[in-house]
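**Student:** Got a file for you: target-v6.txt, compact mmCIF, C-alpha atoms and all ligand atoms.
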# COMPACT_ATOMS: atom_id res chain seq x y z
CA MET V 272 -28.43 -21.90 -2.09
CA ALA V 273 -27.84 -20.81 -5.66
CA LEU V 274 -25.63 -17.75 -6.05
CA PRO V 275 -27.11 -14.62 -7.58
CA SER V 276 -26.05 -13.89 -11.14
CA TRP V 277 -22.90 -11.80 -11.54
CA GLU V 278 -24.67 -10.05 -14.41
CA ASP V 279 -27.48 -8.73 -12.20
CA PRO V 280 -27.19 -4.94 -12.66
CA LYS V 281 -29.02 -4.32 -9.36
CA LEU V 282 -25.98 -5.60 -7.46
CA GLY V 283 -23.09 -3.21 -6.90
CA THR V 284 -19.83 -3.56 -8.79
CA MET V 285 -17.93 -5.19 -5.93
CA LYS V 286 -20.62 -7.86 -5.47
CA ARG V 287 -20.79 -8.51 -9.19
CA ALA V 288 -16.98 -8.76 -9.42
CA ALA V 289 -16.97 -11.23 -6.49
CA LEU V 290 -19.65 -13.37 -8.14
CA TRP V 291 -17.80 -13.25 -11.47
CA LEU V 292 -14.66 -14.57 -9.75
CA ALA V 293 -16.55 -17.24 -7.82
CA THR V 294 -18.64 -18.55 -10.71
CA VAL V 295 -16.82 -17.70 -13.95
CA VAL V 296 -13.12 -17.66 -13.08
CA GLN V 297 -13.35 -20.05 -10.09
CA GLU V 298 -10.76 -20.52 -7.37
CA GLY V 299 -7.22 -21.31 -8.42
CA ASN V 300 -7.57 -20.01 -11.97
CA ILE V 301 -5.89 -17.18 -13.84
CA PHE V 302 -7.68 -14.32 -15.55
CA THR V 303 -6.34 -11.31 -17.42
CA LEU V 304 -7.20 -7.65 -17.08
CA ALA V 305 -8.67 -7.90 -20.59
CA ASP V 306 -11.06 -10.68 -19.41
CA LEU V 307 -12.08 -8.47 -16.52
CA ARG V 308 -12.69 -5.44 -18.72
CA ASP V 309 -14.62 -7.55 -21.22
CA ALA V 310 -16.90 -8.78 -18.42
CA PHE V 311 -17.46 -5.25 -17.05
CA PRO V 312 -17.15 -2.96 -20.08
CA GLU V 313 -19.34 -0.28 -18.49
CA VAL V 314 -17.33 0.01 -15.25
CA SER V 315 -14.35 2.34 -15.35
CA GLN V 316 -11.37 1.15 -13.30
CA ILE V 317 -12.88 -2.26 -12.65
CA ASP V 318 -9.42 -3.49 -11.62
CA ARG V 319 -9.44 -1.07 -8.69
CA ARG V 320 -12.99 -2.05 -7.68
CA MET V 321 -11.88 -5.67 -7.70
CA ARG V 322 -8.94 -4.82 -5.47
CA ASP V 323 -11.46 -3.71 -2.82
CA LEU V 324 -12.26 -7.39 -2.42
CA ARG V 325 -8.86 -7.90 -0.80
CA ASP V 326 -10.21 -5.94 2.17
CA GLN V 327 -12.94 -8.58 2.34
CA ASP V 328 -10.28 -11.33 2.63
CA TRP V 329 -10.40 -12.29 -1.02
CA ARG V 330 -7.00 -13.36 -2.26
CA ILE V 331 -6.21 -12.21 -5.77
CA ASP V 332 -2.52 -12.49 -6.62
CA THR V 333 -0.64 -10.34 -9.10
CA HIS V 334 2.84 -10.90 -10.54
CA ARG V 335 4.14 -9.36 -7.33
CA GLU V 336 2.87 -12.24 -5.19
CA ASP V 337 3.14 -14.92 -7.88
CA SER V 338 6.13 -14.69 -10.22
CA SER V 339 4.57 -17.12 -12.70
CA LEU V 340 2.07 -14.40 -13.65
CA ASP V 341 2.79 -11.60 -16.07
CA ASN V 342 1.80 -7.95 -15.62
CA SER V 343 -1.70 -8.32 -17.01
CA GLU V 344 -2.56 -11.61 -15.27
CA ARG V 345 -4.22 -12.22 -11.92
CA ARG V 346 -4.84 -15.44 -10.07
CA PHE V 347 -8.03 -15.85 -8.05
CA VAL V 348 -6.51 -17.81 -5.15
CA ALA V 349 -9.24 -17.89 -2.53
CA GLN V 350 -12.70 -16.57 -1.84
CA GLY V 351 -13.23 -14.32 1.18
CA VAL V 352 -16.34 -12.78 2.69
CA PRO V 353 -19.46 -13.61 0.58
CA VAL V 354 -20.11 -9.92 -0.02
CA TRP V 355 -23.30 -10.56 -2.00
CA GLU V 356 -25.06 -11.83 1.14
CA PRO V 357 -26.91 -9.01 2.92
CA GLY V 358 -24.94 -7.46 5.77
CA LYS V 359 -21.83 -9.55 5.12
CA ALA V 360 -19.55 -7.03 3.42
CA ARG V 361 -17.42 -5.21 5.94
CA SER V 362 -17.62 -1.45 5.93
CA LYS V 363 -14.31 0.41 5.65
CA GLU V 364 -14.43 1.29 9.33
CA ALA V 365 -15.31 -2.22 10.45
CA GLN V 366 -12.55 -3.84 8.47
CA VAL V 367 -10.21 -5.66 10.73
CA LEU V 368 -7.02 -6.57 9.03
CA THR V 369 -6.35 -10.25 8.93
CA ALA V 370 -2.91 -11.52 9.88
CA THR V 371 -2.39 -12.64 6.28
CA ARG V 372 -3.22 -9.22 4.88
CA ARG V 373 -0.90 -7.52 7.41
CA ARG V 374 1.97 -9.82 6.44
CA GLU V 375 1.26 -9.19 2.77
CA VAL V 376 1.34 -5.39 3.18
CA MET V 377 4.51 -5.50 5.28
CA SER V 378 6.36 -7.79 2.90
CA ARG V 379 5.39 -5.63 -0.09
CA ASP V 380 6.68 -2.61 1.82
CA GLY V 381 10.03 -4.32 2.43
CA ASN V 382 9.38 -4.83 6.17
CA LEU V 383 10.33 -1.31 7.07
CA CYS V 384 8.54 1.84 8.15
CA ARG V 385 7.77 3.69 4.91
CA SER V 386 7.97 7.01 6.73
CA CYS V 387 11.29 6.77 8.59
CA GLY V 388 12.82 3.57 7.19
CA ILE V 389 13.25 1.83 10.54
CA THR V 390 13.04 -1.99 10.69
CA PRO V 391 11.36 -3.98 13.47
CA GLY V 392 13.49 -4.34 16.59
CA GLN V 393 15.87 -1.59 15.49
CA GLU V 394 16.51 1.20 18.04
CA TYR V 395 15.41 4.74 17.20
CA ALA V 396 18.42 7.06 16.89
CA GLY V 397 19.24 8.60 20.24
CA SER V 398 17.04 6.28 22.29
CA TYR V 399 16.82 2.74 23.57
CA GLU V 400 13.29 2.32 22.28
CA THR V 401 12.95 -0.36 19.64
CA ALA V 402 10.62 -0.06 16.69
CA GLN V 403 7.48 -2.09 16.11
CA LEU V 404 5.79 -2.03 12.75
CA ASP V 405 2.11 -1.50 12.22
CA ILE V 406 -0.27 -0.95 9.32
CA ALA V 407 -1.64 2.53 8.73
CA ARG V 408 -4.56 3.44 6.51
CA LYS V 409 -3.74 6.24 4.13
CA GLU V 410 -6.33 8.16 2.24
CA VAL V 411 -5.11 8.51 -1.32
CA ARG V 412 -6.59 10.83 -3.90
CA TYR V 413 -6.17 9.34 -7.36
CA ALA V 414 -5.30 11.40 -10.43
CA ASP V 415 -8.95 11.21 -11.53
CA GLY V 416 -10.09 12.85 -8.28
CA THR V 417 -11.59 9.76 -6.66
CA LYS V 418 -10.39 8.75 -3.22
CA ALA V 419 -9.57 5.44 -1.63
CA VAL V 420 -7.84 4.05 1.40
CA GLU V 421 -4.56 2.23 0.86
CA LEU V 422 -2.52 0.40 3.46
CA VAL V 423 1.06 1.24 4.28
CA THR V 424 3.59 -0.04 6.81
CA GLU V 425 4.63 2.45 9.46
CA CYS V 426 6.30 2.15 12.83
CA ARG V 427 4.27 2.91 15.93
CA ARG V 428 6.14 6.16 16.49
CA CYS V 429 5.41 7.50 13.02
CA ARG V 430 1.78 6.42 13.30
CA VAL V 431 1.19 8.32 16.51
CA GLY V 432 3.14 11.34 15.32
CA GLY V 433 6.26 11.08 17.44
CA ARG V 434 4.63 11.08 20.87
CA GLY V 435 6.91 9.92 23.66
CA VAL V 436 10.05 10.73 21.72
CA GLU V 437 13.10 11.10 23.87
CA THR V 438 16.39 12.39 22.52
CA ASP V 439 19.86 11.76 23.78
CA ASP V 440 22.31 14.68 23.50
CA SER V 441 25.39 12.58 23.98
CA LYS V 442 24.61 10.47 20.90
CA THR V 443 23.73 13.50 18.75
CA LEU V 444 26.84 15.42 19.76
CA ALA V 445 29.10 12.42 19.33
CA ALA V 446 27.78 11.92 15.78
CA LEU V 447 28.29 15.63 15.10
CA GLY V 448 31.88 15.39 16.32
CA ARG V 449 32.59 12.71 13.72
CA LEU V 450 31.64 14.99 10.80
CA GLY V 451 34.30 16.57 8.60
CA ILE V 452 34.64 20.33 8.19
CA MET V 453 32.72 20.43 4.87
CA GLU V 454 29.77 18.60 6.36
CA ARG V 455 29.80 20.84 9.42
CA ARG V 456 29.89 23.95 7.19
CA MET V 457 26.93 22.66 5.21
CA LEU V 458 25.06 21.95 8.42
CA ALA V 459 25.95 25.42 9.75
CA SER V 460 24.51 27.03 6.61
CA TRP V 461 21.25 25.12 7.01
CA ILE V 462 21.09 26.14 10.66
CA GLU V 463 21.79 29.77 9.72
CA ALA V 464 18.95 29.68 7.16
CA ASP V 465 16.88 27.50 9.52
CA GLU V 466 15.98 25.58 6.42
CA ARG V 467 17.39 22.99 4.14
CA GLU V 468 16.60 23.42 0.51
CA PHE V 469 15.58 20.16 -1.07
CA GLY V 470 15.66 19.69 -4.81
CA THR V 471 12.52 18.43 -6.55
CA VAL V 472 14.08 15.01 -7.06
CA GLU V 473 14.81 14.67 -3.33
CA LEU V 474 11.32 15.85 -2.43
CA LEU V 475 9.78 13.33 -4.80
CA TRP V 476 12.03 10.57 -3.46
CA ALA V 477 11.00 11.37 0.12
CA GLU V 478 7.35 11.43 -0.92
CA TYR V 479 7.68 8.18 -2.90
CA ARG V 480 9.20 6.37 0.09
CA THR V 481 6.19 7.10 2.28
CA LEU V 482 3.54 6.01 -0.23
CA PRO V 483 1.47 2.82 0.00
CA GLU V 484 2.50 0.16 -2.54
CA GLU V 485 -0.42 0.80 -4.91
CA SER V 486 0.59 4.48 -5.07
CA ARG V 487 4.27 3.56 -5.46
CA ALA V 488 3.33 1.33 -8.40
CA ARG V 489 1.50 4.21 -10.14
CA PHE V 490 4.53 6.43 -9.47
CA ARG V 491 6.91 3.84 -10.97
CA ALA V 492 4.68 3.44 -14.01
CA ALA V 493 4.65 7.23 -14.50
CA LEU V 494 8.48 7.33 -14.51
CA GLY V 495 8.34 5.99 -18.03
CA PRO V 496 10.01 3.03 -19.78
CA GLU V 497 12.93 5.17 -21.00
CA THR V 498 14.29 5.35 -17.45
CA LEU V 499 14.93 1.61 -17.23
ZN ZN V 501 8.71 5.28 11.39
What's the structure tokens form of this structure?
**Tutor:**
Amino acid sequence: MALPSWEDPKLGTMKRAALWLATVVQEGNIFTLADLRDAFPEVSQIDRRMRDLRDQDWRIDTHREDSSLDNSERRFVAQGVPVWEPGKARSKEAQVLTATRRREVMSRDGNLCRSCGITPGQEYAGSYETAQLDIARKEVRYADGTKAVELVTECRRCRVGGRGVETDDSKTLAALGRLGIMERRMLASWIEADEREFGTVELLWAEYRTLPEESRARFRAALGPETL
């Protein structure tokens, strides 16, 4: 069966982008963001629309996955779901993460829970429960007001909001006993105020740590080249 034309305006952007990859770029080849924008001059943020194909098992590598690529290059590694066929594209809800995609997200996230920093198999402080990592879907609102779902690695406990948490006084108190007087004074002042004041930098750091990789990348880009 002949594939529909990627230039058919009646098809949605994702379908057209998939057909462009399959027929123009073709598997295994490199394209640049400029090629992509030239092919879809009327679509704003075509790069982001193309990224949606990853949720349909399309593999499109960036310099993060493939160090031979530069910042503006992408490699179309493998075709996924033929989204142009009626009823084939998975809806957001129906998307089941493939094992490959899960591994990709976890490795990008440094194989740790982006919310609490725990690594798989590590015990939670004050308990004998060991952590298991999972993938959470985070709704992200972009600077232009549009919304999308990005994937982020979290441990089971963070995902379910701390249910089943058990604390162990002896561990907490033993750790407290090892603090010096200055640290205990600082802690006492926070307890007295029932609040710890965080500086903006610390707040941003904490926020950055919990973001999905796509959001972290935008954050890093916004830091500016003069910080490097
Ligand atoms: Zn966690």
**Student:** CA of Thr424 (chain V) to CA of Leu383 (chain V): how many Å, to one decimal?
**Tutor:**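 So the two atoms, CA of Thr424 (chain V) and CA of Leu383 (chain V), lie 6.9 Å apart.
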**Student:** Within 7 Å of ligand ZN 501 (chain V), which residues show up when you count only C-alpha atoms and all ligand atoms? List them as a list in words, please.
**Tutor:**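 Written in the requested form, the residues are Cys384, Arg385, Ser386, Cys387, Gly388, Ile389, Glu425, Cys426, Arg427, Arg428 and Cys429 of chain V.
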**Student:** Have a look at V:Gly451, V:Gly495, V:Pro391, V:Gly351 and name the one nearest to Arg330 (chain V); count all atoms listed in the file.
**Tutor:**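 Distance minimum relative to Arg330 (chain V) lands on V:Gly351.
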**Student:** Enter the distance from CA of Ala407 (chain V) to CA of Val423 (chain V), in Å, rounded to one decimal.
**Tutor:** 5.4 Å
**Student:** Can you sort out the box for region 309-314 of chain V, edges along x, y and z, all listed atoms in, 4 Å on every side, with centre and edge lengths in Å to one decimal, as lines of an AutoDock Vina configuration file?
**Tutor:**
center_x = -17.0
center_y = -4.4
center_z = -18.2
size_x = 12.7
size_y = 16.8
size_z = 14.0
**Student:** Calculate how many Å separate CA of Lys418 (chain V) from CA of Val354 (chain V), rounding to one decimal.
**Tutor:**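 Answer for the CA of Lys418 (chain V) to CA of Val354 (chain V) separation: 21.3 Å.
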**Student:** Measuring atom to atom with all atoms listed in the file, identify which of V:Gly392, V:Pro483, V:Pro353, V:Pro312 is nearest to Ala289 (chain V).
**Tutor:**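 For Ala289 (chain V), the nearest of the given residues is V:Pro353.
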**Student:** For Pro357 (chain V), which residue among V:Ser338, V:Met377, V:Phe490, V:Pro275 is the nearest when counting all atoms listed in the file?
**Tutor:**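 Between V:Ser338, V:Met377, V:Phe490, V:Pro275, the residue approaching Pro357 (chain V) most closely is V:Pro275.
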**Student:** Taking (-17.9, -3.9, -8.9) in the file's coordinates as the center, which residues reach within 12 Å of it, counting only C-alpha atoms, put as a PyMOL selection string?
**Tutor:** chain V and resi 277-292+307-308+310-324+354-355
**Student:** Which one of V:Leu304, V:Ala414, V:Leu447, V:Val348 sits closest to Ser486 (chain V) if you count only C-alpha atoms?
**Tutor:** V:Ala414
**Student:** Take the point (0.2, -15.7, -9.8) in the file's coordinates, draw a sphere of radius 9 Å around it, and report as an MDAnalysis selection string every protein, DNA or RNA residue with an atom inside or on it, counting all atoms listed in the file.
**Tutor:** chainID V and resid 301 331:341 344:348
**Student:** Have a look at V:Thr303, V:Glu497, V:Tyr413, V:Leu404 and name the one nearest to Thr390 (chain V); count all atoms listed in the file.
**Tutor:**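 Using all atoms listed in the file, the shortest distance to Thr390 (chain V) belongs to V:Leu404.
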**Student:** Taking into account only C-alpha atoms, which residue in the set V:Val296, V:Leu368, V:Ala396, V:Leu475 is nearest to Ser441 (chain V)?
**Tutor:**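 Selected residue with least distance to Ser441 (chain V): V:Ala396.
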